[in-house]
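For reference, query.txt is printed below; it contains compact mmCIF, C-alpha atoms.
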# COMPACT_ATOMS: atom_id res chain seq x y z
CA MET A 9 151.30 61.63 119.45
CA LYS A 10 150.00 62.88 122.79
CA ARG A 11 150.44 66.50 121.64
CA ILE A 12 148.49 65.79 118.46
CA VAL A 13 145.61 64.29 120.48
CA ILE A 14 145.56 67.28 122.83
CA LEU A 15 145.72 69.73 119.92
CA SER A 16 142.90 67.91 118.15
CA GLY A 17 140.82 68.06 121.31
CA VAL A 18 141.40 71.79 121.65
CA ILE A 19 140.43 72.40 118.02
CA LEU A 20 137.30 70.30 118.45
CA LEU A 21 136.37 72.23 121.61
CA VAL A 22 136.84 75.58 119.84
CA LEU A 23 134.70 74.39 116.92
CA LEU A 24 131.96 73.22 119.29
CA ILE A 25 131.95 76.55 121.13
CA TYR A 26 131.81 78.47 117.84
CA PHE A 27 129.02 76.23 116.52
CA TYR A 28 127.00 76.72 119.70
CA GLU A 29 127.42 80.49 119.69
CA TYR A 30 126.70 80.76 115.97
CA THR A 31 123.59 78.61 116.00
CA SER A 32 122.35 80.23 119.21
CA LYS A 33 122.78 83.62 117.57
CA ASP A 34 120.88 82.40 114.50
CA ILE A 35 118.04 81.08 116.62
CA SER A 36 117.83 84.19 118.77
CA GLU A 37 117.69 86.39 115.66
CA GLY A 38 115.16 84.08 114.01
CA LEU A 39 117.35 83.49 110.96
CA ILE A 40 115.42 81.64 108.27
CA LYS A 41 117.36 79.02 106.38
CA MET A 42 115.75 78.88 102.96
CA VAL A 43 116.43 75.22 102.25
CA ASP A 44 113.09 74.24 100.78
CA ASN A 45 111.88 74.71 97.23
CA VAL A 46 110.41 77.90 95.84
CA THR A 47 106.66 78.26 95.69
CA SER A 48 105.45 78.15 92.09
CA ASN A 49 102.76 79.89 90.04
CA VAL A 50 102.15 82.72 92.49
CA THR A 51 99.25 85.07 91.81
CA ILE A 52 98.53 88.18 93.89
CA THR A 53 95.15 89.89 93.49
CA ILE A 54 94.32 93.17 95.25
CA ILE A 55 90.79 92.85 96.64
CA TYR A 56 90.62 95.84 99.00
CA ASP A 57 92.39 99.17 98.56
CA ASN A 58 91.71 102.89 98.42
CA TYR A 59 93.03 103.01 94.84
CA GLU A 60 90.83 101.92 91.95
CA TYR A 61 92.01 99.56 89.21
CA ASP A 62 88.86 97.73 88.17
CA GLU A 63 85.89 100.13 88.08
CA LYS A 64 83.46 97.29 88.81
CA LEU A 65 84.93 96.93 92.30
CA LYS A 66 84.47 99.12 95.35
CA THR A 67 87.32 101.01 96.98
CA GLY A 68 87.78 101.65 100.69
CA PHE A 69 90.54 102.84 102.95
CA GLY A 70 92.44 99.71 103.85
CA PHE A 71 94.24 96.81 102.24
CA SER A 72 93.76 93.16 101.43
CA CYS A 73 95.06 90.82 98.77
CA LEU A 74 94.69 87.17 97.90
CA VAL A 75 97.91 85.20 97.43
CA GLU A 76 97.55 81.94 95.51
CA ASN A 77 99.97 79.23 94.47
CA ASP A 78 99.67 75.59 93.46
CA ASP A 79 98.96 74.47 97.02
CA LYS A 80 97.41 77.20 99.18
CA LYS A 81 95.37 80.38 99.21
CA ILE A 82 96.33 83.09 101.69
CA LEU A 83 94.16 86.10 102.44
CA PHE A 84 96.60 88.85 103.43
CA ASP A 85 94.71 91.31 105.67
CA THR A 86 90.95 91.81 105.44
CA GLY A 87 90.49 95.49 104.61
CA GLY A 88 88.38 97.94 106.56
CA ASP A 89 84.93 96.32 106.36
CA SER A 90 83.27 93.04 105.48
CA PRO A 91 80.69 94.21 102.87
CA THR A 92 83.34 95.79 100.61
CA LEU A 93 85.76 92.88 100.99
CA LEU A 94 83.17 90.15 100.43
CA GLY A 95 81.44 92.06 97.64
CA ASN A 96 84.71 92.48 95.75
CA MET A 97 85.57 88.82 96.24
CA GLU A 98 82.18 87.81 94.90
CA GLU A 99 82.63 90.09 91.87
CA LEU A 100 86.05 88.49 91.27
CA LYS A 101 84.52 84.98 91.52
CA MET A 102 86.61 84.12 94.58
CA ASP A 103 85.31 81.41 96.89
CA LEU A 104 85.91 82.22 100.56
CA LYS A 105 85.66 78.54 101.45
CA GLU A 106 88.80 77.86 99.41
CA ILE A 107 90.95 80.11 101.60
CA ASP A 108 93.35 78.13 103.77
CA ILE A 109 95.16 80.88 105.70
CA VAL A 110 94.38 84.41 106.84
CA PHE A 111 97.47 86.54 107.49
CA LEU A 112 96.92 89.72 109.53
CA SER A 113 99.78 92.20 109.36
CA HIS A 114 98.82 94.42 112.30
CA ILE A 115 95.97 95.42 114.57
CA HIS A 116 94.59 98.51 112.79
CA GLY A 117 90.97 98.37 111.69
CA ASP A 118 91.67 99.12 108.03
CA HIS A 119 93.46 95.75 107.91
CA THR A 120 91.31 93.65 110.27
CA GLY A 121 87.84 95.14 109.70
CA GLY A 122 86.67 92.40 107.34
CA LEU A 123 87.80 89.49 109.52
CA THR A 124 84.43 88.71 111.10
CA GLY A 125 82.80 88.56 107.68
CA VAL A 126 85.44 86.09 106.54
CA LEU A 127 85.04 83.89 109.62
CA GLU A 128 81.26 83.86 109.31
CA LYS A 129 81.64 82.38 105.83
CA ASN A 130 84.69 80.19 106.48
CA PRO A 131 85.79 79.42 110.05
CA ASP A 132 87.96 76.55 108.80
CA VAL A 133 91.03 78.72 108.35
CA THR A 134 94.28 79.16 110.22
CA ILE A 135 94.96 82.78 111.12
CA TYR A 136 98.52 84.05 111.56
CA ILE A 137 98.48 87.02 113.92
CA PRO A 138 101.20 89.02 115.71
CA LYS A 139 101.57 87.75 119.26
CA SER A 140 100.94 91.29 120.54
CA PHE A 141 97.32 91.25 119.33
CA PRO A 142 94.86 91.94 122.18
CA SER A 143 93.16 89.05 123.91
CA ASN A 144 89.66 90.20 122.92
CA LEU A 145 90.48 89.71 119.21
CA LYS A 146 91.97 86.30 119.93
CA ASN A 147 88.81 85.37 121.83
CA ASP A 148 86.68 86.56 118.91
CA ILE A 149 88.61 84.25 116.59
CA LYS A 150 88.08 81.34 118.97
CA SER A 151 84.36 82.08 119.17
CA TYR A 152 84.04 81.32 115.46
CA GLY A 153 85.87 78.02 115.87
CA ALA A 154 88.89 79.16 113.87
CA SER A 155 92.46 78.46 114.95
CA PHE A 156 95.27 80.97 115.11
CA VAL A 157 99.05 81.00 115.31
CA GLU A 158 100.70 83.72 117.39
CA VAL A 159 103.79 85.08 115.65
CA ASP A 160 106.64 86.88 117.32
CA LYS A 161 109.70 85.59 115.46
CA PRO A 162 110.30 84.73 111.77
CA THR A 163 108.23 81.66 111.02
CA LYS A 164 107.75 79.28 108.12
CA ILE A 165 104.08 79.10 107.09
CA PHE A 166 104.58 76.48 104.38
CA HIS A 167 107.21 75.77 101.76
CA GLY A 168 108.57 78.99 100.33
CA VAL A 169 106.26 81.23 102.40
CA TYR A 170 107.35 82.97 105.61
CA THR A 171 106.50 85.74 108.03
CA THR A 172 109.14 88.27 109.06
CA GLY A 173 107.89 87.97 112.61
CA GLU A 174 106.82 90.99 114.63
CA LEU A 175 108.80 94.08 113.74
CA GLY A 176 108.62 97.60 115.16
CA THR A 177 108.15 98.96 118.66
CA TRP A 178 105.01 101.05 119.15
CA ILE A 179 103.01 99.33 116.41
CA LYS A 180 103.98 95.68 115.95
CA GLU A 181 103.64 94.42 112.40
CA GLN A 182 104.52 91.33 110.39
CA SER A 183 105.08 91.13 106.65
CA LEU A 184 104.89 88.18 104.26
CA ILE A 185 107.92 86.80 102.42
CA ILE A 186 107.39 84.55 99.41
CA LYS A 187 110.28 82.76 97.74
CA THR A 188 109.43 82.52 94.03
CA GLU A 189 111.32 81.46 90.94
CA LYS A 190 112.12 85.15 90.36
CA SER A 191 113.38 85.59 93.94
CA LEU A 192 111.57 87.20 96.87
CA VAL A 193 108.19 88.88 96.95
CA VAL A 194 107.58 90.98 100.07
CA ILE A 195 104.01 91.99 100.95
CA THR A 196 103.43 94.72 103.52
CA GLY A 197 100.27 95.94 105.18
CA CYS A 198 101.19 99.44 106.35
CA ALA A 199 104.96 99.15 106.91
CA HIS A 200 104.78 100.90 110.27
CA PRO A 201 108.24 99.53 111.24
CA GLY A 202 109.64 101.26 108.11
CA ILE A 203 109.45 99.94 104.56
CA VAL A 204 113.23 99.98 104.12
CA GLU A 205 113.71 98.11 107.40
CA ILE A 206 111.22 95.46 106.29
CA VAL A 207 113.03 94.92 102.99
CA LYS A 208 116.36 94.73 104.81
CA LYS A 209 114.91 92.17 107.21
CA ALA A 210 113.63 89.99 104.36
CA LYS A 211 117.07 90.01 102.72
CA GLU A 212 118.82 89.39 106.04
CA LEU A 213 116.61 86.43 106.87
CA THR A 214 116.77 84.77 103.48
CA LYS A 215 120.06 85.88 101.91
CA GLU A 216 118.00 86.31 98.71
CA ASP A 217 117.38 89.21 96.33
CA VAL A 218 114.03 90.99 96.35
CA TYR A 219 112.03 90.80 93.12
CA LEU A 220 108.91 92.71 94.20
CA VAL A 221 107.68 94.78 97.14
CA ILE A 222 103.91 95.31 97.19
CA GLY A 223 101.47 96.89 99.63
CA GLY A 224 101.28 99.94 101.85
CA PHE A 225 104.61 101.75 102.39
CA HIS A 226 103.27 104.24 104.99
CA LEU A 227 104.77 107.34 103.37
CA ALA A 228 101.74 109.66 103.14
CA GLY A 229 102.79 113.04 104.54
CA THR A 230 106.49 112.19 104.34
CA SER A 231 108.81 114.94 103.08
CA ASP A 232 110.03 114.87 99.48
CA GLN A 233 113.62 114.46 100.64
CA GLU A 234 112.82 111.50 102.85
CA ILE A 235 110.87 109.89 100.02
CA ARG A 236 113.85 110.35 97.70
CA ASN A 237 116.09 108.75 100.33
CA ILE A 238 113.75 105.77 100.59
CA VAL A 239 113.59 105.32 96.82
CA GLU A 240 117.41 105.43 96.72
CA SER A 241 117.52 102.85 99.52
CA PHE A 242 115.32 100.56 97.42
CA ARG A 243 117.82 100.89 94.59
CA ASP A 244 120.72 100.23 96.96
CA LEU A 245 118.91 97.11 98.18
CA GLU A 246 118.47 96.06 94.52
CA VAL A 247 114.68 95.77 94.69
CA LYS A 248 113.71 95.01 91.10
CA LYS A 249 109.98 95.91 91.02
CA VAL A 250 107.63 97.94 93.21
CA ALA A 251 103.83 98.05 93.56
CA PRO A 252 102.99 100.62 96.26
CA CYS A 253 99.40 101.34 97.26
CA HIS A 254 97.10 102.02 100.25
CA CYS A 255 98.98 104.27 102.74
CA THR A 256 102.00 104.98 100.51
CA GLY A 257 100.73 108.42 99.50
CA ASP A 258 100.39 109.95 96.05
CA GLY A 259 103.73 111.78 96.22
CA ALA A 260 105.67 108.66 97.13
CA ILE A 261 103.85 106.60 94.49
CA ARG A 262 104.83 109.17 91.84
CA ALA A 263 108.44 109.13 93.04
CA PHE A 264 108.63 105.34 92.75
CA GLU A 265 106.98 105.44 89.33
CA GLU A 266 109.47 108.04 88.05
CA GLU A 267 112.43 106.06 89.37
CA TYR A 268 111.33 102.55 88.42
CA GLY A 269 109.68 103.21 85.06
CA GLU A 270 108.65 99.90 83.47
CA ASN A 271 109.42 98.11 86.74
CA PHE A 272 106.76 100.14 88.54
CA ILE A 273 103.46 98.26 88.79
CA LYS A 274 100.32 100.36 89.12
CA VAL A 275 97.95 98.60 91.48
CA GLY A 276 94.53 99.08 92.99
CA VAL A 277 91.41 97.03 93.64
CA GLY A 278 91.21 94.24 91.08
CA LYS A 279 94.83 94.30 89.92
CA LYS A 280 96.23 90.79 89.42
CA ILE A 281 99.97 90.12 89.36
CA LEU A 282 101.31 86.81 88.03
CA ILE A 283 104.77 85.78 89.16

Do you think you could lay out the structure here as structure tokens?
Amino acid sequence: MKRIVILSGVILLVLLIYFYEYTSKDISEGLIKMVDNVTSNVTITIIYDNYEYDEKLKTGFGFSCLVENDDKKILFDTGGDSPTLLGNMEELKMDLKEIDIVFLSHIHGDHTGGLTGVLEKNPDVTIYIPKSFPSNLKNDIKSYGASFVEVDKPTKIFHGVYTTGELGTWIKEQSLIIKTEKSLVVITGCAHPGIVEIVKKAKELTKEDVYLVIGGFHLAGTSDQEIRNIVESFRDLEVKKVAPCHCTGDGAIRAFEEEYGENFIKVGVGKKILI
């Protein structure tokens, strides 16, 4: 009986040590446990891009899209300038005051240039920014009375919507992960950390398949062979649909279109995707 008690104690101790190491590892790596429900009725509308889709809207070098579901409206990036962003939103009958969250992927001006225009119209937003953002931008946000959340690790924004956390070394960037009924949607600004690495991170964090990757893939000027390797990596990662734009480059966009066929989504300013 004494041996059984001792053996049970040893087993319990081993289990406790394993549990501590495992959970500590999860926390340190920012592992997201996707235990909440999916977010329903997701709509993504491109409102700033250098590619045209709706001729009534203006193009500009940069990226922004509006993500809507039943509960929230997220403005992902703010394009390169306020007049183009706000003008396109007005043309699309979008009310800035209805935006709940602004999500800034990285510090570059073609993704943050329209922020002041947004805050002048609606300071009652919460802005998710990479922690590495400079203090002067954070002070500018405060000056408008808006609040911000500094992101360094994977973070839940609300049910079914997450940030990858800061990725990359020289240029820190976060991407948006949305858990939908069709699996994951990953939205990227410029994919400076590497578009394949971002997709891998989303799958690693969620243990879910990727339904759609949309945004800038940062492949302009990339060699044909490297582009082919990236397209093959998307297939290996079982990404079902792609919607590249902004800094992806014409050659890479054509390569994805040739490979994905009907699962390639042509996007530009004004394109609306219902999920």

So that I can check the surroundings of Leu227 in chain A, please list as a list in words every protein, DNA and RNA residue that reaches within 8 Å of it, counting only C-alpha atoms and ignoring chain neighbours fewer than 4 positions away.
Ile235, Cys255, Thr256, Gly257 and Ala260 of chain A

Using all atoms listed in the file for the distances, tell me which of A:Thr230, A:Gln182, A:Ser72, A:Asn49 is nearest to Ile137 in chain A.
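Using all atoms listed in the file, the shortest distance to Ile137 in chain A belongs to A:Gln182.
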
Could you give me, as JSON, numbers by chain, the residues within 8 Å of range 78-85 of chain A, counting all atoms listed in the file and dropping anything in the same chain fewer than 2 positions from it?
{"A": [47, 48, 49, 50, 71, 72, 73, 74, 75, 76, 87, 106, 107, 108, 109, 110, 111, 112, 113, 119, 120, 197]}

Counting all atoms listed in the file, figure out which residue out of A:Ser183, A:Asn237, A:Thr53, A:Thr124 gets nearest to Leu145 in chain A.
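Looking at the shortest contact to Leu145 in chain A, the residue is A:Thr124.
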
Polymer residues at most 10 Å from (99.3, 97.7, 90.2) by all atoms listed in the file, as a PyMOL selection string:
chain A and resi 53-54+59-61+222-223+250-253+272-281

Name the closest residue to Lys190 in chain A among the candidates A:Leu245, A:Val218, A:Ser231, A:Ile52; distances are taken between atoms, counting only C-alpha atoms.
A:Val218

Have a look at CA of Tyr170 in chain A and CA of Ile195 in chain A and let me know their distance in Å, one decimal.
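Rounded to one decimal, the two atoms are 10.7 Å apart.
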